[in-house]
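S.K.: Below you will find the structure I want to go over with you.
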Amino acid sequence: MRRPIARGGRRGVGGLALAGAAPPHPRAKLRYPVPSVFSSRLSFDLRPNRLTAALARLGEARVPVDDLTESNPTRAGLAYPARLLDALGGRAGLEYDPQPFGLMAAREAVAGDYRRRGIQVPRERVALTASTSEAYSLLFKLLCDPGDEVLVPVPSYPLFEHLAGLDAVAPRPYRLEYHGSWAVDVDGIRRATTDRTRAVVVVSPNNPTGSYLKRAELDALAAHCGERGLALIGDEVFAEYVLEADLPRTASVLGQRQALAFSLGGLSKGLGLPQLKLGWMAVTGPDDLVRQALERLELVCDTYLSVATPVQIALPSLLGDGAIVRTQIRERVARNHQALAEAAAGCPAVGVLRAEGGWHAVLRVPAMQSEESLVLQILEKEHVLVHPGYFYDFPSEAFLVVSLLPRPDVFDRAVSRVIARIEAAA
Ligand SMILES: Cc1ncc(COP(=O)(O)O)c(C=O)c1O
């Protein structure tokens with residue numbers, strides 16, 4: 001996840017609870033409103049929040065901070081093969097062959113990677129993008145008019161508000177509910193669907209709850225989307241990071257044909273290579289709808305042609321050789337998740353919520369004080385950075401979110417300090 005604490009007021013950049021009540025335009029309060037030169041899409045709260053400010057103060061004082069929110073795999077002490085990027089330097093990259101959906105060999109490599117996971121999708125239904133974030137933006141352009149709505153899960157990834165807002169689309173929350181494990185509130189999705197709803201986003205496994213979409217949920221959502229003419233967007237960037245092996249889960253939104261659906265993935269999470277800027281989407285659904293979607297999407301992609309040639313050429317070898325990085329990340333998150341569970345087991349005040357997959361863990365902590373004040377204490381007194389649940393729009397307090405990526409020595413040291421601080425505060 002990217003910098004959710006870099007900006008934003010009390011609610012970070014999440015704030016989906018506010019969705020619908022669009023923030024007032026910065027100039028709206030003036031008696032004679034002066035038309036702003038800037039788009040109202042950017043009327044996000046740009047002030048640094050208290051956590052960002054505290055972090056900056058520690059940085060200025062050169063106090064080292066253990067970052068338990070680190071989700072950049074290139075900073076997690078993984079052993080990337082030294083020659084992994086050699087394929088980017090070949091002479092073939094000197095030729096520019098602009099293709100809206102990307103070079104066919106690269107699209108075939110993505111289709112092959114889906115096959116490796118037991119998912120069939122023809123390469124003609126694969127489109128390359130520069131990232132998953134960009135894929136969202138391309139899909140919002142394909143599916144939505146300004147002011148249309150997309151249903152997004154809460155708690156979830158805080159960037160949705162920005163991704164949707166920048167395309168003049170309104171994110172509307174639907175709930176994931178926790179009863180010992182997380183479940184999609186399918187009835188809530190039905191109720192939240194309006195004439196302006198264009199798509200339902202599912203994140204599987206979700207960031208930060210780690211919950212996979214279950215078969216029955218996919219069937220219900222596919223039926224609903226099919227009936228109401230909505231698209232299903234499946235963010236599957238963490239799909240391969242399974243923490244509970246024998247869990248019945250869906251592999252992909254591609255496992256249904258009732259609704260027009262897009263499966264999103266990419267190198268950023270799939271191989272721990274966010275800097276290469278290559279993602280993809282694969283399309284399924286009723287054939288005629290897929291054909292129409294691809295025709296239109298081709299125009300959108302052709303307008304930007306945003307994926308660099310060398311990384312497309314390198315993709316087949318990256319998907320093969322990079323698997324070693326994925327294995328390391330898988331081992332790392334599983335190891336850290338286990339260590340967290342063991343550390344928390346000795347502390348009745350801290351509960352680790354069940355996580356089925358992904359790179360994050362959620363701690364339930366006593367709500368004796370606000371999440372904000374707890375994370376500030378943890379930062380200022382223990383020099384450990386964790387995220388408060390409200391950044392992800394948890395419906396109530398108090399939750400903390402930690403990344404499972406950090407190096408084990410850093411992770412263990414930081415977790416024990418967080419737990420000690422929670423015990424001291426409880
Ligand atoms: C659930 C989820 N989807 C998408 C992304 C963005 O991926 P990309 O780096 O490909 O834009 C993130 C980043 O943290 C994420 O957590």
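If you're wondering about the labels, chains in the structure tokens are A, B, ... by order shown, residues count from 1 in each chain, ligands from 1 in order shown.
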So which residues touch A:Ile119 within 8 Å, counting only C-alpha atoms, skipping near sequence neighbours fewer than 5 positions away, as a PDB file with C-alpha atoms, in the first residue's frame?
M.R.:
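The result, written out as out_38.pdb:
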ATOM      1  CA  TYR A 114      -3.022 -17.725 -15.061  1.00  0.00           C
ATOM      2  CA  ALA A 251      -9.050 -18.534  -7.383  1.00  0.00           C
ATOM      3  CA  SER A 252     -10.368 -15.594  -9.408  1.00  0.00           C
ATOM      4  CA  LEU A 254     -12.508 -15.343 -13.928  1.00  0.00           C
ATOM      5  CA  GLY A 255     -14.187 -18.442 -12.486  1.00  0.00           C
TER       6      GLY A 255
END
S.K.: Which chains and residue numbers are within 10 Å of ligand 1, counting only C-alpha atoms and all ligand atoms, if I want them as a ChimeraX atom specification?
M.R.: /A:1-4,71-72,129-136,156-160,202-208,210,234-239,264-270,272-280,358-360
S.K.: Could you give me, as a PyMOL selection string, each residue of stretch 215-323 of chain A that DSSP assigns to strand (DSSP E or B) when run on this structure's backbone?
M.R.: chain A and resi 231-235+242+261-266+279-284
S.K.: Determine which residues of stretch 145-260 of chain A DSSP labels as helix (DSSP H, G or I) from the backbone of this structure, then write them out as a PDB file with all heavy atoms, in the first residue's frame.
M.R.:
ATOM      1  N   PHE A 160      -8.618   3.643  -2.732  1.00  0.00           N
ATOM      2  CA  PHE A 160      -9.813   3.647  -3.589  1.00  0.00           C
ATOM      3  C   PHE A 160     -10.429   5.026  -3.722  1.00  0.00           C
ATOM      4  O   PHE A 160     -10.920   5.392  -4.781  1.00  0.00           O
ATOM      5  CB  PHE A 160     -10.884   2.695  -3.048  1.00  0.00           C
ATOM      6  CG  PHE A 160     -10.588   1.268  -3.332  1.00  0.00           C
ATOM      7  CD1 PHE A 160     -10.720   0.304  -2.357  1.00  0.00           C
ATOM      8  CD2 PHE A 160     -10.169   0.877  -4.595  1.00  0.00           C
ATOM      9  CE1 PHE A 160     -10.448  -1.024  -2.616  1.00  0.00           C
ATOM     10  CE2 PHE A 160      -9.883  -0.449  -4.875  1.00  0.00           C
ATOM     11  CZ  PHE A 160     -10.027  -1.394  -3.877  1.00  0.00           C
ATOM     12  N   GLU A 161     -10.426   5.754  -2.612  1.00  0.00           N
ATOM     13  CA  GLU A 161     -11.076   7.053  -2.656  1.00  0.00           C
ATOM     14  C   GLU A 161     -10.372   7.948  -3.675  1.00  0.00           C
ATOM     15  O   GLU A 161     -11.018   8.668  -4.437  1.00  0.00           O
ATOM     16  CB  GLU A 161     -11.059   7.685  -1.261  1.00  0.00           C
ATOM     17  CG  GLU A 161     -12.021   8.844  -1.165  1.00  0.00           C
ATOM     18  CD  GLU A 161     -11.909   9.591   0.143  1.00  0.00           C
ATOM     19  OE1 GLU A 161     -10.952   9.343   0.906  1.00  0.00           O
ATOM     20  OE2 GLU A 161     -12.775  10.426   0.393  1.00  0.00           O
ATOM     21  N   HIS A 162      -9.048   7.861  -3.693  1.00  0.00           N
ATOM     22  CA  HIS A 162      -8.307   8.667  -4.670  1.00  0.00           C
ATOM     23  C   HIS A 162      -8.486   8.132  -6.085  1.00  0.00           C
ATOM     24  O   HIS A 162      -8.710   8.893  -7.021  1.00  0.00           O
ATOM     25  CB  HIS A 162      -6.819   8.672  -4.322  1.00  0.00           C
ATOM     26  CG  HIS A 162      -6.497   9.544  -3.160  1.00  0.00           C
ATOM     27  ND1 HIS A 162      -5.246   9.667  -2.629  1.00  0.00           N
ATOM     28  CD2 HIS A 162      -7.298  10.348  -2.414  1.00  0.00           C
ATOM     29  CE1 HIS A 162      -5.267  10.516  -1.619  1.00  0.00           C
ATOM     30  NE2 HIS A 162      -6.502  10.926  -1.460  1.00  0.00           N
ATOM     31  N   LEU A 163      -8.369   6.805  -6.215  1.00  0.00           N
ATOM     32  CA  LEU A 163      -8.458   6.225  -7.559  1.00  0.00           C
ATOM     33  C   LEU A 163      -9.794   6.563  -8.205  1.00  0.00           C
ATOM     34  O   LEU A 163      -9.862   6.944  -9.372  1.00  0.00           O
ATOM     35  CB  LEU A 163      -8.292   4.703  -7.489  1.00  0.00           C
ATOM     36  CG  LEU A 163      -6.886   4.200  -7.145  1.00  0.00           C
ATOM     37  CD1 LEU A 163      -6.900   2.696  -6.888  1.00  0.00           C
ATOM     38  CD2 LEU A 163      -5.916   4.534  -8.266  1.00  0.00           C
ATOM     39  N   ALA A 164     -10.865   6.418  -7.432  1.00  0.00           N
ATOM     40  CA  ALA A 164     -12.191   6.706  -7.980  1.00  0.00           C
ATOM     41  C   ALA A 164     -12.359   8.216  -8.170  1.00  0.00           C
ATOM     42  O   ALA A 164     -12.770   8.677  -9.251  1.00  0.00           O
ATOM     43  CB  ALA A 164     -13.277   6.160  -7.044  1.00  0.00           C
ATOM     44  N   GLY A 165     -11.992   8.981  -7.147  1.00  0.00           N
ATOM     45  CA  GLY A 165     -12.196  10.432  -7.197  1.00  0.00           C
ATOM     46  C   GLY A 165     -11.469  11.066  -8.377  1.00  0.00           C
ATOM     47  O   GLY A 165     -11.991  11.972  -9.024  1.00  0.00           O
ATOM     48  N   VAL A 186     -23.182  -9.475   1.124  1.00  0.00           N
ATOM     49  CA  VAL A 186     -23.766  -9.480  -0.223  1.00  0.00           C
ATOM     50  C   VAL A 186     -25.110  -8.739  -0.225  1.00  0.00           C
ATOM     51  O   VAL A 186     -25.425  -7.998  -1.170  1.00  0.00           O
ATOM     52  CB  VAL A 186     -23.929 -10.924  -0.749  1.00  0.00           C
ATOM     53  CG1 VAL A 186     -24.552 -10.927  -2.126  1.00  0.00           C
ATOM     54  CG2 VAL A 186     -22.568 -11.618  -0.799  1.00  0.00           C
ATOM     55  N   ASP A 187     -25.885  -8.887   0.835  1.00  0.00           N
ATOM     56  CA  ASP A 187     -27.148  -8.143   0.898  1.00  0.00           C
ATOM     57  C   ASP A 187     -26.891  -6.644   0.905  1.00  0.00           C
ATOM     58  O   ASP A 187     -27.635  -5.878   0.293  1.00  0.00           O
ATOM     59  CB  ASP A 187     -27.945  -8.521   2.160  1.00  0.00           C
ATOM     60  CG  ASP A 187     -28.703  -9.807   1.929  1.00  0.00           C
ATOM     61  OD1 ASP A 187     -28.955 -10.127   0.740  1.00  0.00           O
ATOM     62  OD2 ASP A 187     -29.016 -10.498   2.921  1.00  0.00           O
ATOM     63  N   GLY A 188     -25.832  -6.261   1.623  1.00  0.00           N
ATOM     64  CA  GLY A 188     -25.451  -4.838   1.657  1.00  0.00           C
ATOM     65  C   GLY A 188     -25.113  -4.345   0.248  1.00  0.00           C
ATOM     66  O   GLY A 188     -25.436  -3.214  -0.112  1.00  0.00           O
ATOM     67  N   ILE A 189     -24.478  -5.191  -0.544  1.00  0.00           N
ATOM     68  CA  ILE A 189     -24.150  -4.812  -1.929  1.00  0.00           C
ATOM     69  C   ILE A 189     -25.440  -4.638  -2.724  1.00  0.00           C
ATOM     70  O   ILE A 189     -25.596  -3.676  -3.473  1.00  0.00           O
ATOM     71  CB  ILE A 189     -23.236  -5.877  -2.572  1.00  0.00           C
ATOM     72  CG1 ILE A 189     -21.858  -5.799  -1.921  1.00  0.00           C
ATOM     73  CG2 ILE A 189     -23.163  -5.713  -4.082  1.00  0.00           C
ATOM     74  CD1 ILE A 189     -20.840  -6.770  -2.462  1.00  0.00           C
ATOM     75  N   ARG A 190     -26.370  -5.550  -2.514  1.00  0.00           N
ATOM     76  CA  ARG A 190     -27.650  -5.428  -3.238  1.00  0.00           C
ATOM     77  C   ARG A 190     -28.327  -4.120  -2.865  1.00  0.00           C
ATOM     78  O   ARG A 190     -28.810  -3.383  -3.715  1.00  0.00           O
ATOM     79  CB  ARG A 190     -28.568  -6.611  -2.900  1.00  0.00           C
ATOM     80  CG  ARG A 190     -28.049  -7.937  -3.439  1.00  0.00           C
ATOM     81  CD  ARG A 190     -29.135  -9.016  -3.385  1.00  0.00           C
ATOM     82  NE  ARG A 190     -28.581 -10.299  -3.750  1.00  0.00           N
ATOM     83  CZ  ARG A 190     -28.215 -11.252  -2.874  1.00  0.00           C
ATOM     84  NH1 ARG A 190     -28.396 -11.077  -1.575  1.00  0.00           N
ATOM     85  NH2 ARG A 190     -27.697 -12.382  -3.302  1.00  0.00           N
ATOM     86  N   ARG A 191     -28.324  -3.822  -1.555  1.00  0.00           N
ATOM     87  CA  ARG A 191     -29.010  -2.600  -1.098  1.00  0.00           C
ATOM     88  C   ARG A 191     -28.293  -1.341  -1.584  1.00  0.00           C
ATOM     89  O   ARG A 191     -28.931  -0.332  -1.867  1.00  0.00           O
ATOM     90  CB  ARG A 191     -29.071  -2.575   0.438  1.00  0.00           C
ATOM     91  CG  ARG A 191     -30.135  -3.478   1.029  1.00  0.00           C
ATOM     92  CD  ARG A 191     -30.381  -3.117   2.482  1.00  0.00           C
ATOM     93  NE  ARG A 191     -29.168  -3.177   3.288  1.00  0.00           N
ATOM     94  CZ  ARG A 191     -28.676  -4.297   3.833  1.00  0.00           C
ATOM     95  NH1 ARG A 191     -29.329  -5.443   3.688  1.00  0.00           N
ATOM     96  NH2 ARG A 191     -27.571  -4.275   4.535  1.00  0.00           N
ATOM     97  N   ALA A 192     -26.979  -1.412  -1.674  1.00  0.00           N
ATOM     98  CA  ALA A 192     -26.213  -0.205  -2.049  1.00  0.00           C
ATOM     99  C   ALA A 192     -26.248   0.052  -3.554  1.00  0.00           C
ATOM    100  O   ALA A 192     -25.818   1.113  -4.013  1.00  0.00           O
ATOM    101  CB  ALA A 192     -24.766  -0.353  -1.577  1.00  0.00           C
ATOM    102  N   ARG A 215     -16.483 -19.104  -2.766  1.00  0.00           N
ATOM    103  CA  ARG A 215     -17.228 -19.502  -3.967  1.00  0.00           C
ATOM    104  C   ARG A 215     -18.684 -19.005  -3.925  1.00  0.00           C
ATOM    105  O   ARG A 215     -19.206 -18.457  -4.903  1.00  0.00           O
ATOM    106  CB  ARG A 215     -17.181 -21.028  -4.092  1.00  0.00           C
ATOM    107  CG  ARG A 215     -17.859 -21.594  -5.311  1.00  0.00           C
ATOM    108  CD  ARG A 215     -17.063 -21.326  -6.582  1.00  0.00           C
ATOM    109  NE  ARG A 215     -17.875 -20.687  -7.595  1.00  0.00           N
ATOM    110  CZ  ARG A 215     -17.434 -20.334  -8.816  1.00  0.00           C
ATOM    111  NH1 ARG A 215     -16.185 -20.550  -9.160  1.00  0.00           N
ATOM    112  NH2 ARG A 215     -18.209 -19.752  -9.686  1.00  0.00           N
ATOM    113  N   ALA A 216     -19.323 -19.179  -2.773  1.00  0.00           N
ATOM    114  CA  ALA A 216     -20.736 -18.784  -2.682  1.00  0.00           C
ATOM    115  C   ALA A 216     -20.881 -17.268  -2.851  1.00  0.00           C
ATOM    116  O   ALA A 216     -21.855 -16.784  -3.441  1.00  0.00           O
ATOM    117  CB  ALA A 216     -21.317 -19.216  -1.335  1.00  0.00           C
ATOM    118  N   GLU A 217     -19.890 -16.525  -2.341  1.00  0.00           N
ATOM    119  CA  GLU A 217     -19.938 -15.062  -2.496  1.00  0.00           C
ATOM    120  C   GLU A 217     -19.773 -14.687  -3.967  1.00  0.00           C
ATOM    121  O   GLU A 217     -20.489 -13.814  -4.482  1.00  0.00           O
ATOM    122  CB  GLU A 217     -18.833 -14.410  -1.655  1.00  0.00           C
ATOM    123  CG  GLU A 217     -19.037 -14.574  -0.153  1.00  0.00           C
ATOM    124  CD  GLU A 217     -17.835 -14.164   0.674  1.00  0.00           C
ATOM    125  OE1 GLU A 217     -16.692 -14.145   0.137  1.00  0.00           O
ATOM    126  OE2 GLU A 217     -18.011 -13.887   1.870  1.00  0.00           O
ATOM    127  N   LEU A 218     -18.822 -15.340  -4.635  1.00  0.00           N
ATOM    128  CA  LEU A 218     -18.623 -15.044  -6.059  1.00  0.00           C
ATOM    129  C   LEU A 218     -19.892 -15.349  -6.841  1.00  0.00           C
ATOM    130  O   LEU A 218     -20.321 -14.559  -7.693  1.00  0.00           O
ATOM    131  CB  LEU A 218     -17.437 -15.851  -6.618  1.00  0.00           C
ATOM    132  CG  LEU A 218     -17.214 -15.704  -8.127  1.00  0.00           C
ATOM    133  CD1 LEU A 218     -16.920 -14.248  -8.511  1.00  0.00           C
ATOM    134  CD2 LEU A 218     -16.067 -16.595  -8.614  1.00  0.00           C
ATOM    135  N   ASP A 219     -20.507 -16.503  -6.563  1.00  0.00           N
ATOM    136  CA  ASP A 219     -21.734 -16.863  -7.295  1.00  0.00           C
ATOM    137  C   ASP A 219     -22.814 -15.806  -7.082  1.00  0.00           C
ATOM    138  O   ASP A 219     -23.488 -15.382  -8.028  1.00  0.00           O
ATOM    139  CB  ASP A 219     -22.248 -18.237  -6.833  1.00  0.00           C
ATOM    140  CG  ASP A 219     -21.323 -19.351  -7.305  1.00  0.00           C
ATOM    141  OD1 ASP A 219     -20.496 -19.090  -8.207  1.00  0.00           O
ATOM    142  OD2 ASP A 219     -21.404 -20.463  -6.752  1.00  0.00           O
ATOM    143  N   ALA A 220     -22.984 -15.372  -5.823  1.00  0.00           N
ATOM    144  CA  ALA A 220     -24.032 -14.387  -5.534  1.00  0.00           C
ATOM    145  C   ALA A 220     -23.712 -13.047  -6.206  1.00  0.00           C
ATOM    146  O   ALA A 220     -24.602 -12.404  -6.774  1.00  0.00           O
ATOM    147  CB  ALA A 220     -24.163 -14.207  -4.018  1.00  0.00           C
ATOM    148  N   LEU A 221     -22.450 -12.649  -6.161  1.00  0.00           N
ATOM    149  CA  LEU A 221     -22.083 -11.364  -6.775  1.00  0.00           C
ATOM    150  C   LEU A 221     -22.202 -11.421  -8.293  1.00  0.00           C
ATOM    151  O   LEU A 221     -22.653 -10.462  -8.925  1.00  0.00           O
ATOM    152  CB  LEU A 221     -20.644 -10.988  -6.399  1.00  0.00           C
ATOM    153  CG  LEU A 221     -20.436 -10.554  -4.966  1.00  0.00           C
ATOM    154  CD1 LEU A 221     -18.987 -10.179  -4.713  1.00  0.00           C
ATOM    155  CD2 LEU A 221     -21.339  -9.355  -4.660  1.00  0.00           C
ATOM    156  N   ALA A 222     -21.793 -12.549  -8.873  1.00  0.00           N
ATOM    157  CA  ALA A 222     -21.884 -12.684 -10.333  1.00  0.00           C
ATOM    158  C   ALA A 222     -23.344 -12.607 -10.769  1.00  0.00           C
ATOM    159  O   ALA A 222     -23.680 -11.942 -11.758  1.00  0.00           O
ATOM    160  CB  ALA A 222     -21.251 -14.005 -10.778  1.00  0.00           C
ATOM    161  N   ALA A 223     -24.222 -13.265 -10.003  1.00  0.00           N
ATOM    162  CA  ALA A 223     -25.650 -13.229 -10.355  1.00  0.00           C
ATOM    163  C   ALA A 223     -26.173 -11.795 -10.234  1.00  0.00           C
ATOM    164  O   ALA A 223     -26.861 -11.284 -11.133  1.00  0.00           O
ATOM    165  CB  ALA A 223     -26.442 -14.164  -9.430  1.00  0.00           C
ATOM    166  N   HIS A 224     -25.819 -11.122  -9.144  1.00  0.00           N
ATOM    167  CA  HIS A 224     -26.286  -9.745  -8.939  1.00  0.00           C
ATOM    168  C   HIS A 224     -25.759  -8.831 -10.045  1.00  0.00           C
ATOM    169  O   HIS A 224     -26.526  -8.057 -10.642  1.00  0.00           O
ATOM    170  CB  HIS A 224     -25.817  -9.256  -7.567  1.00  0.00           C
ATOM    171  CG  HIS A 224     -26.159  -7.833  -7.295  1.00  0.00           C
ATOM    172  ND1 HIS A 224     -27.462  -7.395  -7.139  1.00  0.00           N
ATOM    173  CD2 HIS A 224     -25.375  -6.722  -7.170  1.00  0.00           C
ATOM    174  CE1 HIS A 224     -27.464  -6.083  -6.920  1.00  0.00           C
ATOM    175  NE2 HIS A 224     -26.214  -5.663  -6.936  1.00  0.00           N
ATOM    176  N   CYS A 225     -24.452  -8.911 -10.329  1.00  0.00           N
ATOM    177  CA  CYS A 225     -23.855  -8.041 -11.351  1.00  0.00           C
ATOM    178  C   CYS A 225     -24.461  -8.349 -12.719  1.00  0.00           C
ATOM    179  O   CYS A 225     -24.757  -7.431 -13.496  1.00  0.00           O
ATOM    180  CB  CYS A 225     -22.341  -8.210 -11.389  1.00  0.00           C
ATOM    181  SG  CYS A 225     -21.528  -7.539  -9.927  1.00  0.00           S
ATOM    182  N   GLY A 226     -24.641  -9.649 -13.011  1.00  0.00           N
ATOM    183  CA  GLY A 226     -25.242 -10.024 -14.290  1.00  0.00           C
ATOM    184  C   GLY A 226     -26.644  -9.429 -14.437  1.00  0.00           C
ATOM    185  O   GLY A 226     -26.980  -8.833 -15.457  1.00  0.00           O
ATOM    186  N   GLU A 227     -27.446  -9.565 -13.375  1.00  0.00           N
ATOM    187  CA  GLU A 227     -28.838  -9.059 -13.424  1.00  0.00           C
ATOM    188  C   GLU A 227     -28.908  -7.547 -13.560  1.00  0.00           C
ATOM    189  O   GLU A 227     -29.721  -7.013 -14.296  1.00  0.00           O
ATOM    190  CB  GLU A 227     -29.558  -9.410 -12.115  1.00  0.00           C
ATOM    191  CG  GLU A 227     -30.244 -10.743 -12.111  1.00  0.00           C
ATOM    192  CD  GLU A 227     -30.476 -11.215 -10.675  1.00  0.00           C
ATOM    193  OE1 GLU A 227     -30.683 -10.350  -9.780  1.00  0.00           O
ATOM    194  OE2 GLU A 227     -30.422 -12.438 -10.450  1.00  0.00           O
ATOM    195  N   ARG A 228     -28.014  -6.863 -12.800  1.00  0.00           N
ATOM    196  CA  ARG A 228     -28.115  -5.401 -12.763  1.00  0.00           C
ATOM    197  C   ARG A 228     -27.205  -4.709 -13.786  1.00  0.00           C
ATOM    198  O   ARG A 228     -27.111  -3.477 -13.806  1.00  0.00           O
ATOM    199  CB  ARG A 228     -27.762  -4.893 -11.351  1.00  0.00           C
ATOM    200  CG  ARG A 228     -28.701  -5.358 -10.266  1.00  0.00           C
ATOM    201  CD  ARG A 228     -30.101  -4.756 -10.409  1.00  0.00           C
ATOM    202  NE  ARG A 228     -30.087  -3.296 -10.343  1.00  0.00           N
ATOM    203  CZ  ARG A 228     -30.374  -2.573  -9.267  1.00  0.00           C
ATOM    204  NH1 ARG A 228     -30.734  -3.182  -8.167  1.00  0.00           N
ATOM    205  NH2 ARG A 228     -30.326  -1.261  -9.310  1.00  0.00           N
ATOM    206  N   VAL A 253     -12.081 -14.003 -10.055  1.00  0.00           N
ATOM    207  CA  VAL A 253     -13.396 -13.655 -10.632  1.00  0.00           C
ATOM    208  C   VAL A 253     -13.534 -14.221 -12.042  1.00  0.00           C
ATOM    209  O   VAL A 253     -14.625 -14.227 -12.608  1.00  0.00           O
ATOM    210  CB  VAL A 253     -13.643 -12.125 -10.669  1.00  0.00           C
ATOM    211  CG1 VAL A 253     -13.736 -11.533  -9.282  1.00  0.00           C
ATOM    212  CG2 VAL A 253     -12.579 -11.401 -11.495  1.00  0.00           C
ATOM    213  N   LEU A 254     -12.430 -14.715 -12.606  1.00  0.00           N
ATOM    214  CA  LEU A 254     -12.508 -15.343 -13.928  1.00  0.00           C
ATOM    215  C   LEU A 254     -13.233 -16.681 -13.858  1.00  0.00           C
ATOM    216  O   LEU A 254     -13.549 -17.273 -14.886  1.00  0.00           O
ATOM    217  CB  LEU A 254     -11.104 -15.548 -14.509  1.00  0.00           C
ATOM    218  CG  LEU A 254     -10.285 -14.265 -14.736  1.00  0.00           C
ATOM    219  CD1 LEU A 254      -8.919 -14.591 -15.308  1.00  0.00           C
ATOM    220  CD2 LEU A 254     -11.018 -13.289 -15.653  1.00  0.00           C
ATOM    221  N   GLY A 255     -13.517 -17.155 -12.648  1.00  0.00           N
ATOM    222  CA  GLY A 255     -14.187 -18.442 -12.486  1.00  0.00           C
ATOM    223  C   GLY A 255     -15.702 -18.328 -12.578  1.00  0.00           C
ATOM    224  O   GLY A 255     -16.401 -19.104 -11.934  1.00  0.00           O
TER     225      GLY A 255
END
S.K.: If you measure from atom CA of A:Ser39 to atom CA of A:Leu166, what distance in Å do you get, rounded to one decimal?
M.R.: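 Those two atoms sit 9.5 Å apart.
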